[in-house]
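Taking it in order: structure first as structure tokens, then the write-up.
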Amino acid sequence: MAEIKTINILGATGSVGRSTVDLVLSQPDRFSVQAVTANENARALADMAVQLKARKAVVADPRKYQELKESLSGTGVEAAAGAEALLDAAAQPVDWTMAAIVGMAGLLPIMKAIEHSRCVAIANKEPLVAAGPLVMEAAKKHGTKLLPVDSEHNAVFQVFDHERPAGIDRIILTASGGPFRTWTREKMAAATPEQAVAHPNWSMGAKISVDSASMMNKALEVIEAHYLFAMPPEKIKVLVHPQSVIHSMVEYSDGSVLAQLGAPDMRTPIAHALAWPDRMKTSGQRLDWAKLKHLDFEDLDDVRFPAVDLAYQCLNNGAAACIAFNAANEVAVDAFLSRRLGFSGIIEAIRQTLRQAGCSSLKNLEEVIAFDATVRDITKSYISRDAA
Ligand code: NDP
């Protein structure tokens with residue numbers, strides 16, 4: 001019988017968070033939940049905390065404290081709210097933390113989790129994109145194992161020769177191509193938020209769904225892979241694979257290619273990270289080989305989807321460019337989802353921001369956070385001034 005793992009789930013009410021909660025509830029004797037967190041979804045968080053028998057539930061938004069406290073009254077689960085309480089939850093010493101907050105809001109909680117958890121499962125890619133060197137350095141310093149949850153990076157992690165990386169020629173990140181894979185630029189320019197979030201293969205939160213439609217998700221993933229696997233940008237390739245069955249591949253110097261395959265279901269990479277280094281039985285969808293018939297591949301069209309190209313440019317321009325790239329995208333996606341910006345305005349806002357943001361040299365977390373805030377102001381004023 002495996003030992004009981006103590007765990008924290010940051011961003012428990014989101015798409016990745018809920019799948020994590022389901023997996024934990026499928027084998028409740030294996031896990032002991034310390035803290036679960038959300039931003040504002042107090043009622044749903046309270047329900048989860050009770051089901052999971054968590055010790056503590058935290059909402060980042062202090063206005064939701066009363067609702068959380070009332071929902072947890074008489075249950076024995078402690079309620080807390082606010083930015084400090086969120087960091088305190090992330091600092092609970094545990095065996096395993098799921099980092100599934102969306103966006104840069106997850107940066108400080110991830111840094112806390114790295115200090116106090118033995119393993120941190122990272123779905124929340126934006127902090128890695130913006131502060132990759134600091135995140136990787138902290139994991140090394142504290143001896144914390146980082147477990148990639150993004151399906152592509154989890155796939156690479158499973159087939160990567162961690163002992164002998166020198167034998168690796170390249171990482172091939174697959175991309176479904178998103179809902180607009182076959183759309184013209186003109187048609188994309190008029191795309192609505194509803195169309196952008198309607199992903200053909202995956203059911204995900206709104207921000208990552210829009211990122212998948214613009215291919216910004218793949219662009220962020222190139223930067224994420226660069227940091228997670230210490231691979232130079234020229235050894236990371238993106239390949240469109242519409243079925244999302246091969247989740248990514250590693251090509252070795254002798255021509256061997258190792259791939260990880262599975263049904264497009266986030267429960268598989270989450271379960272891999274949750275049980276690591278063991279495996280856990282899940283009831284998720286399995287590949288039906290006879291029905292699969294064929295797997296298709298195509299090169300990415302950089303003209304219709306310029307985001308991935310921009311990611312390589314940012315990697316070559318240094319860490320500050322990666323911060324600006326991510327921050328401008330978060331602001332632009334928010335504006336698109338609230339209909340203040342058209343779909344093609346997202347990439348234009350990122351380009352304009354990159355031109356204006358400059359290249360600071362950033363030494364620590366405070367400088368990263370300050371630069372991120374400056375960049376967000378640049379994007380916001382571009383959107384309200386030029387793109388309205
Ligand atoms: P969701 O939007 O579904 O969920 C986000 C979670 O973060 C919610 O629990 C939300 O709480 C919480 N949250 C949002 N803002 C804040 C904040 N300011 N402070 C604290 N908590 C906050 O996102 P996803 O689950 O789709 O994605 C989470 C991360 O995982 C993203 O970085 C995404 O790129 C990555 N990812 C997601 C995949 C997917 O299949 N969804 C696949 C691979 C990676 P509340 O509910 O209260 O708003």
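Letters for chains follow the order of the structure tokens (A, B, ...), residue numbers begin at 1 for each chain, and ligand numbers begin at 1 in the order shown.
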- Task: Give the residue list for ligand 1 at 9 Å, counting only C-alpha atoms and all ligand atoms, as a PyMOL selection string, sorted by chain and then by residue number.
- Result: chain A and resi 10-19+37-42+44-45+59-61+82-83+86+99-106+109+122-127+149-152+202-209+211+217+220+265-267
What are the nearest atom pairs, with distances in Å to one decimal, for all residues of region 233-310 of chain A that come at most 10 Å from region 23-29 of chain A, using only C-alpha atoms, set out by chain and rising residue number as JSON lines?
{"residue": "A:Arg267", "atom": "CA", "partner": "A:Leu23", "partner_atom": "CA", "distance": 7.5}
{"residue": "A:Thr268", "atom": "CA", "partner": "A:Leu23", "partner_atom": "CA", "distance": 9.8}
{"residue": "A:Ile270", "atom": "CA", "partner": "A:Leu23", "partner_atom": "CA", "distance": 8.3}
{"residue": "A:Ala271", "atom": "CA", "partner": "A:Leu23", "partner_atom": "CA", "distance": 6.9}
{"residue": "A:Leu274", "atom": "CA", "partner": "A:Val24", "partner_atom": "CA", "distance": 8.5}
{"residue": "A:Met280", "atom": "CA", "partner": "A:Gln27", "partner_atom": "CA", "distance": 8.9}
{"residue": "A:Lys281", "atom": "CA", "partner": "A:Gln27", "partner_atom": "CA", "distance": 9.1}
{"residue": "A:Thr282", "atom": "CA", "partner": "A:Leu23", "partner_atom": "CA", "distance": 7.5}
{"residue": "A:Ser283", "atom": "CA", "partner": "A:Ser26", "partner_atom": "CA", "distance": 9.0}
{"residue": "A:Gly284", "atom": "CA", "partner": "A:Leu23", "partner_atom": "CA", "distance": 9.9}
Limited to all heavy atoms, could you put the picked residues into a file as a PDB file, in the first residue's frame?
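The result, stored in result-v5.pdb:
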ATOM      1  N   ARG A 267      -7.190  14.451 -17.599  1.00  0.00           N
ATOM      2  CA  ARG A 267      -7.041  13.576 -16.433  1.00  0.00           C
ATOM      3  C   ARG A 267      -5.801  12.679 -16.544  1.00  0.00           C
ATOM      4  O   ARG A 267      -5.248  12.267 -15.532  1.00  0.00           O
ATOM      5  CB  ARG A 267      -8.279  12.685 -16.289  1.00  0.00           C
ATOM      6  CG  ARG A 267      -9.355  13.342 -15.496  1.00  0.00           C
ATOM      7  CD  ARG A 267     -10.689  12.702 -15.838  1.00  0.00           C
ATOM      8  NE  ARG A 267     -11.570  13.759 -16.257  1.00  0.00           N
ATOM      9  CZ  ARG A 267     -12.458  14.327 -15.463  1.00  0.00           C
ATOM     10  NH1 ARG A 267     -12.602  13.900 -14.241  1.00  0.00           N
ATOM     11  NH2 ARG A 267     -13.201  15.308 -15.889  1.00  0.00           N
ATOM     12  N   THR A 268      -5.401  12.362 -17.782  1.00  0.00           N
ATOM     13  CA  THR A 268      -4.242  11.475 -17.935  1.00  0.00           C
ATOM     14  C   THR A 268      -2.955  12.160 -17.447  1.00  0.00           C
ATOM     15  O   THR A 268      -2.283  11.622 -16.564  1.00  0.00           O
ATOM     16  CB  THR A 268      -4.126  10.982 -19.392  1.00  0.00           C
ATOM     17  OG1 THR A 268      -5.355  10.340 -19.720  1.00  0.00           O
ATOM     18  CG2 THR A 268      -2.979  10.007 -19.573  1.00  0.00           C
ATOM     19  N   ILE A 270      -2.708  14.744 -15.539  1.00  0.00           N
ATOM     20  CA  ILE A 270      -2.865  15.111 -14.117  1.00  0.00           C
ATOM     21  C   ILE A 270      -2.641  13.862 -13.251  1.00  0.00           C
ATOM     22  O   ILE A 270      -1.929  13.902 -12.249  1.00  0.00           O
ATOM     23  CB  ILE A 270      -4.254  15.736 -13.830  1.00  0.00           C
ATOM     24  CG1 ILE A 270      -4.417  17.051 -14.592  1.00  0.00           C
ATOM     25  CG2 ILE A 270      -4.438  15.957 -12.324  1.00  0.00           C
ATOM     26  CD1 ILE A 270      -5.834  17.624 -14.576  1.00  0.00           C
ATOM     27  N   ALA A 271      -3.220  12.722 -13.681  1.00  0.00           N
ATOM     28  CA  ALA A 271      -3.052  11.477 -12.912  1.00  0.00           C
ATOM     29  C   ALA A 271      -1.590  11.057 -12.900  1.00  0.00           C
ATOM     30  O   ALA A 271      -1.080  10.581 -11.879  1.00  0.00           O
ATOM     31  CB  ALA A 271      -3.914  10.369 -13.516  1.00  0.00           C
ATOM     32  N   LEU A 274       0.025  13.276 -10.391  1.00  0.00           N
ATOM     33  CA  LEU A 274      -0.503  13.036  -9.038  1.00  0.00           C
ATOM     34  C   LEU A 274       0.086  11.764  -8.427  1.00  0.00           C
ATOM     35  O   LEU A 274       0.392  11.714  -7.248  1.00  0.00           O
ATOM     36  CB  LEU A 274      -2.036  12.956  -9.120  1.00  0.00           C
ATOM     37  CG  LEU A 274      -2.837  12.809  -7.831  1.00  0.00           C
ATOM     38  CD1 LEU A 274      -2.564  13.960  -6.872  1.00  0.00           C
ATOM     39  CD2 LEU A 274      -4.343  12.767  -8.151  1.00  0.00           C
ATOM     40  N   MET A 280      -1.523   5.575 -11.323  1.00  0.00           N
ATOM     41  CA  MET A 280      -2.809   5.314 -10.686  1.00  0.00           C
ATOM     42  C   MET A 280      -3.834   4.897 -11.736  1.00  0.00           C
ATOM     43  O   MET A 280      -3.750   5.317 -12.894  1.00  0.00           O
ATOM     44  CB  MET A 280      -3.296   6.533  -9.883  1.00  0.00           C
ATOM     45  CG  MET A 280      -3.660   7.751 -10.682  1.00  0.00           C
ATOM     46  SD  MET A 280      -4.002   9.185  -9.605  1.00  0.00           S
ATOM     47  CE  MET A 280      -5.667   8.810  -9.016  1.00  0.00           C
ATOM     48  N   LYS A 281      -4.777   4.068 -11.319  1.00  0.00           N
ATOM     49  CA  LYS A 281      -5.827   3.607 -12.231  1.00  0.00           C
ATOM     50  C   LYS A 281      -6.834   4.740 -12.395  1.00  0.00           C
ATOM     51  O   LYS A 281      -7.266   5.331 -11.412  1.00  0.00           O
ATOM     52  CB  LYS A 281      -6.488   2.375 -11.615  1.00  0.00           C
ATOM     53  CG  LYS A 281      -7.540   1.743 -12.450  1.00  0.00           C
ATOM     54  CD  LYS A 281      -7.095   0.352 -12.900  1.00  0.00           C
ATOM     55  CE  LYS A 281      -8.031  -0.190 -13.948  1.00  0.00           C
ATOM     56  NZ  LYS A 281      -7.471  -0.165 -15.281  1.00  0.00           N
ATOM     57  N   THR A 282      -7.190   5.061 -13.619  1.00  0.00           N
ATOM     58  CA  THR A 282      -8.230   6.073 -13.830  1.00  0.00           C
ATOM     59  C   THR A 282      -9.325   5.470 -14.703  1.00  0.00           C
ATOM     60  O   THR A 282      -9.095   4.484 -15.401  1.00  0.00           O
ATOM     61  CB  THR A 282      -7.680   7.331 -14.550  1.00  0.00           C
ATOM     62  OG1 THR A 282      -7.313   6.957 -15.881  1.00  0.00           O
ATOM     63  CG2 THR A 282      -6.498   7.939 -13.832  1.00  0.00           C
ATOM     64  N   SER A 283     -10.493   6.098 -14.663  1.00  0.00           N
ATOM     65  CA  SER A 283     -11.605   5.554 -15.456  1.00  0.00           C
ATOM     66  C   SER A 283     -11.788   6.367 -16.733  1.00  0.00           C
ATOM     67  O   SER A 283     -12.804   6.274 -17.394  1.00  0.00           O
ATOM     68  CB  SER A 283     -12.881   5.588 -14.623  1.00  0.00           C
ATOM     69  OG  SER A 283     -13.087   6.927 -14.221  1.00  0.00           O
ATOM     70  N   GLY A 284     -10.776   7.195 -17.061  1.00  0.00           N
ATOM     71  CA  GLY A 284     -10.896   8.082 -18.233  1.00  0.00           C
ATOM     72  C   GLY A 284     -10.985   7.321 -19.550  1.00  0.00           C
ATOM     73  O   GLY A 284     -10.768   6.107 -19.602  1.00  0.00           O
TER      74      GLY A 284
END
- Task: Assign secondary structure with DSSP using the backbone only, and return the residues of region 276-325 of chain A in alpha helix (DSSP H) as an NGL selection string.
- Result: :A and (289-292 or 307-317 or 319-325)
- Task: Find the residues near region 383-385 of chain A: any atom within 10 Å, counting only C-alpha atoms, skip ones fewer than 3 places away on the same chain, and give them as JSON, numbers by chain.
- Result: {"A": [331, 332, 335, 340, 341, 345, 346, 348, 349, 352, 377, 378, 379, 380, 388]}
Since we have the selection now, will you write its residues out, keeping C-alpha atoms, as a PDB file, in the first residue's frame?
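Below you can see again33.pdb, which holds the result:
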ATOM      1  CA  VAL A 331      -4.306  41.833 -21.045  1.00  0.00           C
ATOM      2  CA  ALA A 332      -5.317  41.392 -24.693  1.00  0.00           C
ATOM      3  CA  ALA A 335     -10.033  42.633 -23.602  1.00  0.00           C
ATOM      4  CA  ARG A 340     -13.131  45.473 -26.221  1.00  0.00           C
ATOM      5  CA  LEU A 341     -10.717  44.013 -28.778  1.00  0.00           C
ATOM      6  CA  GLY A 345      -6.137  42.653 -32.183  1.00  0.00           C
ATOM      7  CA  ILE A 346      -4.629  40.199 -29.681  1.00  0.00           C
ATOM      8  CA  GLU A 348      -1.280  43.214 -32.768  1.00  0.00           C
ATOM      9  CA  ALA A 349      -1.435  44.324 -29.115  1.00  0.00           C
ATOM     10  CA  GLN A 352       2.993  46.794 -30.240  1.00  0.00           C
ATOM     11  CA  ASP A 377      -0.048  49.373 -18.590  1.00  0.00           C
ATOM     12  CA  ILE A 378       1.527  49.677 -22.051  1.00  0.00           C
ATOM     13  CA  THR A 379      -0.870  47.073 -23.486  1.00  0.00           C
ATOM     14  CA  LYS A 380      -3.890  48.572 -21.744  1.00  0.00           C
ATOM     15  CA  ALA A 388     -10.792  50.573 -29.698  1.00  0.00           C
TER      16      ALA A 388
END
- Item | Gap from CA of His294 (chain A) to CA of Ala219 (chain A) - Å, one decimal | 26.4 Å
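Across A:Ser248, A:Ser73, A:Asn317, A:Thr184, the tightest approach to Ala357 (chain A) is made by A:Asn317 when counting only C-alpha atoms.
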